[in-house]
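Presented below is the structure to which this report refers.
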Amino acid sequence: MNIVLLGFPGSGKGTQAKAVSEKFSLLHLSTGDIFREAIASDTPLGLEVSDYLAAGRLVPDKLVLKIIKARLAAETKGLLFDGFPRTVEQAQGLDDYFTARNQAVDAALFLDVEEAEVVQRLGSRRTCPKCRKIYNLLSSPPLNMGLCDGCGGTLVLRDDDKPEVIYKRLSVYKDQTEPLVAYYRGLGNFHRVKGGRAPEEITAEISTILGNSVKT
């Protein structure tokens, strides 16, 4: 089973991706994590990705597909994509990759959250650069303000969570990513899931959708 999880930045994709991938034994692939690994490696590719993310711009399709395909080369488990694809071109590239392997995207889920809530969520988000755990100062703050509960690392506000970058990210999303909804709806594997609820409720609805519509 291969799943694509769509939604605004800060819509809760990461939380749902973790819960659903664990429940259905899928490999959770976050482009954000893959990009940050590339940046941390300090390679020319990582530096190129860093420039795009810091400016709140989408990484070019060809560069994204190159990174994703390299990551998938040795994988045999079912996959859950979090933050990919972001454009129709990326979706078509992923479909081509799966078709060559007699596979497909079985379901595309869109986590629908109001824009105002997304802005509030992202502006309150803090990340541990050591263990990558993410906190939200409003809904899930650390026990000790400014410090990670798990490893004691100093929490930071990521460049792409700063207000001026958030609004640019949302604008870019609307222009380039929303057409994915129409693309997957046309393929007949699209499902809209209302966000802004308790995470457990959202996970339960997604699980029902997958259980009813996807043969594992």
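Naming scheme: A, B, ... for chains in displayed order of the structure tokens; residues 1 onward per chain; ligands 1 onward as shown.
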
Need to verify the contact set: Ala19 of chain A, 9 Å, only C-alpha atoms, exclusion of same-chain residues closer than 4 positions in sequence. Can you return it as a ChimeraX atom specification? /A:14-15,23-24,200,203

Chain A: residues DSSP assigns to strand (DSSP E or B), reported as a ChimeraX atom specification: /A:2-7,27-30,79-82,107-112,125-127,134-136,140,147,154,156,190-194

Picked from segment 2-201 of chain A by DSSP as alpha helix (DSSP H), as a VMD selection string: chain A and resid 13 to 23 31 to 40 44 to 54 61 to 72 88 to 99 115 to 123 163 to 176 179 to 187 199 to 201

Got a sec: who's within 10 Å of Thr87 of chain A, counting only C-alpha atoms, leaving out chain neighbours fewer than 2 positions off, as a CSV table (one decimal) with N, CA and C atoms, in the first residue's frame?
chain,number,residue,atom,x,y,z
A,58,LEU,N,9.6,26.5,-3.2
A,58,LEU,CA,9.6,25.0,-3.4
A,58,LEU,C,10.9,24.6,-4.1
A,60,PRO,N,12.9,22.7,-6.8
A,60,PRO,CA,12.5,22.3,-8.2
A,60,PRO,C,12.2,20.9,-8.3
A,61,ASP,N,11.2,20.6,-9.2
A,61,ASP,CA,10.7,19.2,-9.3
A,61,ASP,C,11.8,18.2,-9.7
A,84,PHE,N,5.2,15.2,-0.1
A,84,PHE,CA,5.6,14.8,-1.4
A,84,PHE,C,4.5,14.0,-2.0
A,85,PRO,N,4.1,14.2,-3.3
A,85,PRO,CA,4.5,15.3,-4.2
A,85,PRO,C,3.9,16.6,-3.8
A,89,GLU,N,3.7,17.8,-11.6
A,89,GLU,CA,4.9,17.2,-12.3
A,89,GLU,C,5.5,16.1,-11.4
A,90,GLN,N,5.6,16.4,-10.1
A,90,GLN,CA,6.2,15.5,-9.1
A,90,GLN,C,5.3,14.2,-9.0
A,91,ALA,N,4.0,14.5,-9.0
A,91,ALA,CA,3.0,13.4,-8.9
A,91,ALA,C,3.1,12.4,-10.1
A,92,GLN,N,3.3,13.0,-11.3
A,92,GLN,CA,3.4,12.3,-12.5
A,92,GLN,C,4.7,11.5,-12.5
A,93,GLY,N,5.8,12.1,-12.0
A,93,GLY,CA,7.1,11.4,-11.9
A,93,GLY,C,7.0,10.2,-10.9
A,173,TYR,N,2.1,27.4,-2.0
A,173,TYR,CA,1.3,26.2,-1.9
A,173,TYR,C,0.1,26.3,-2.8
A,175,ASP,N,-0.6,28.2,-5.3
A,175,ASP,CA,-0.3,28.4,-6.7
A,175,ASP,C,0.2,27.1,-7.4
A,176,GLN,N,1.0,26.3,-6.7
A,176,GLN,CA,1.7,25.2,-7.3
A,176,GLN,C,1.2,23.8,-6.8
A,177,THR,N,0.6,23.7,-5.6
A,177,THR,CA,0.3,22.4,-5.0
A,177,THR,C,-1.1,22.1,-5.0
A,178,GLU,N,-2.0,23.0,-4.9
A,178,GLU,CA,-3.4,22.7,-4.9
A,178,GLU,C,-3.9,22.0,-6.1
A,179,PRO,N,-3.3,22.2,-7.3
A,179,PRO,CA,-3.7,21.4,-8.5
A,179,PRO,C,-3.6,19.9,-8.3
A,180,LEU,N,-2.8,19.5,-7.3
A,180,LEU,CA,-2.7,18.0,-7.0
A,180,LEU,C,-4.0,17.4,-6.6
A,181,VAL,N,-4.9,18.3,-5.9
A,181,VAL,CA,-6.2,17.8,-5.5
A,181,VAL,C,-7.0,17.4,-6.7
A,183,TYR,N,-5.7,16.6,-9.6
A,183,TYR,CA,-5.0,15.5,-10.3
A,183,TYR,C,-5.4,14.2,-9.7

Pairwise distance for atom CA of Tyr97 of chain A and atom CA of Leu65 of chain A, rounded to one decimal in Å: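 Between atom CA of Tyr97 of chain A and atom CA of Leu65 of chain A the gap is 9.8 Å.
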
Report the distance between atom CA of Thr31 of chain A and atom CA of Ile202 of chain A in Å, rounded to one decimal place.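 Answer for the atom CA of Thr31 of chain A to atom CA of Ile202 of chain A separation: 21.8 Å.
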
Each residue of segment 153-215 of chain A lying at most 8 Å from segment 119-138 of chain A should get a row with its shortest atom-to-atom pair and the distance in Å to one decimal, counting only C-alpha atoms; could you produce that, ordered by chain and increasing number, as JSON lines?
{"residue": "A:Gly153", "atom": "CA", "partner": "A:Cys128", "partner_atom": "CA", "distance": 6.0}
{"residue": "A:Thr154", "atom": "CA", "partner": "A:Cys128", "partner_atom": "CA", "distance": 6.3}
{"residue": "A:Leu155", "atom": "CA", "partner": "A:Cys128", "partner_atom": "CA", "distance": 4.7}
{"residue": "A:Val156", "atom": "CA", "partner": "A:Thr127", "partner_atom": "CA", "distance": 5.4}
{"residue": "A:Leu157", "atom": "CA", "partner": "A:Arg126", "partner_atom": "CA", "distance": 5.1}
{"residue": "A:Arg158", "atom": "CA", "partner": "A:Thr127", "partner_atom": "CA", "distance": 7.0}
{"residue": "A:Asp161", "atom": "CA", "partner": "A:Leu122", "partner_atom": "CA", "distance": 5.5}
{"residue": "A:Lys162", "atom": "CA", "partner": "A:Gly123", "partner_atom": "CA", "distance": 6.3}
{"residue": "A:Pro163", "atom": "CA", "partner": "A:Gly123", "partner_atom": "CA", "distance": 6.4}
{"residue": "A:Ile166", "atom": "CA", "partner": "A:Val119", "partner_atom": "CA", "distance": 6.8}
{"residue": "A:Tyr167", "atom": "CA", "partner": "A:Val119", "partner_atom": "CA", "distance": 7.7}

Residues within 6 Å of segment 111-113 of chain A, only C-alpha atoms, excluding chain neighbours under 2 positions, as a PyMOL selection string: chain A and resi 7+11+193-196

Using only C-alpha atoms, which of the listed residues (A:Ala198, A:Pro44, A:Ser207, A:Gly186) sits closest to Val88 of chain A?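 Going through A:Ala198, A:Pro44, A:Ser207, A:Gly186 one by one, the smallest distance to Val88 of chain A is for A:Gly186.
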
Leaving out Phe35 of chain A and any residue of its chain fewer than 4 positions from it, which residues lie within 9 Å of it when counting only C-alpha atoms, given as a ChimeraX atom specification? /A:30-31,39-40,46,49-50,64,67

Quick one: of A:Asn144, A:Ala204, A:Lys69, A:Leu109, who's nearest to Asp95 of chain A, counting only C-alpha atoms?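 Closest candidate: A:Lys69.
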
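Among the candidates A:Lys168, A:Lys18, A:His191, A:Arg86, the residue lying nearest to Ala54 of chain A is A:Lys168 (atoms considered: only C-alpha atoms).
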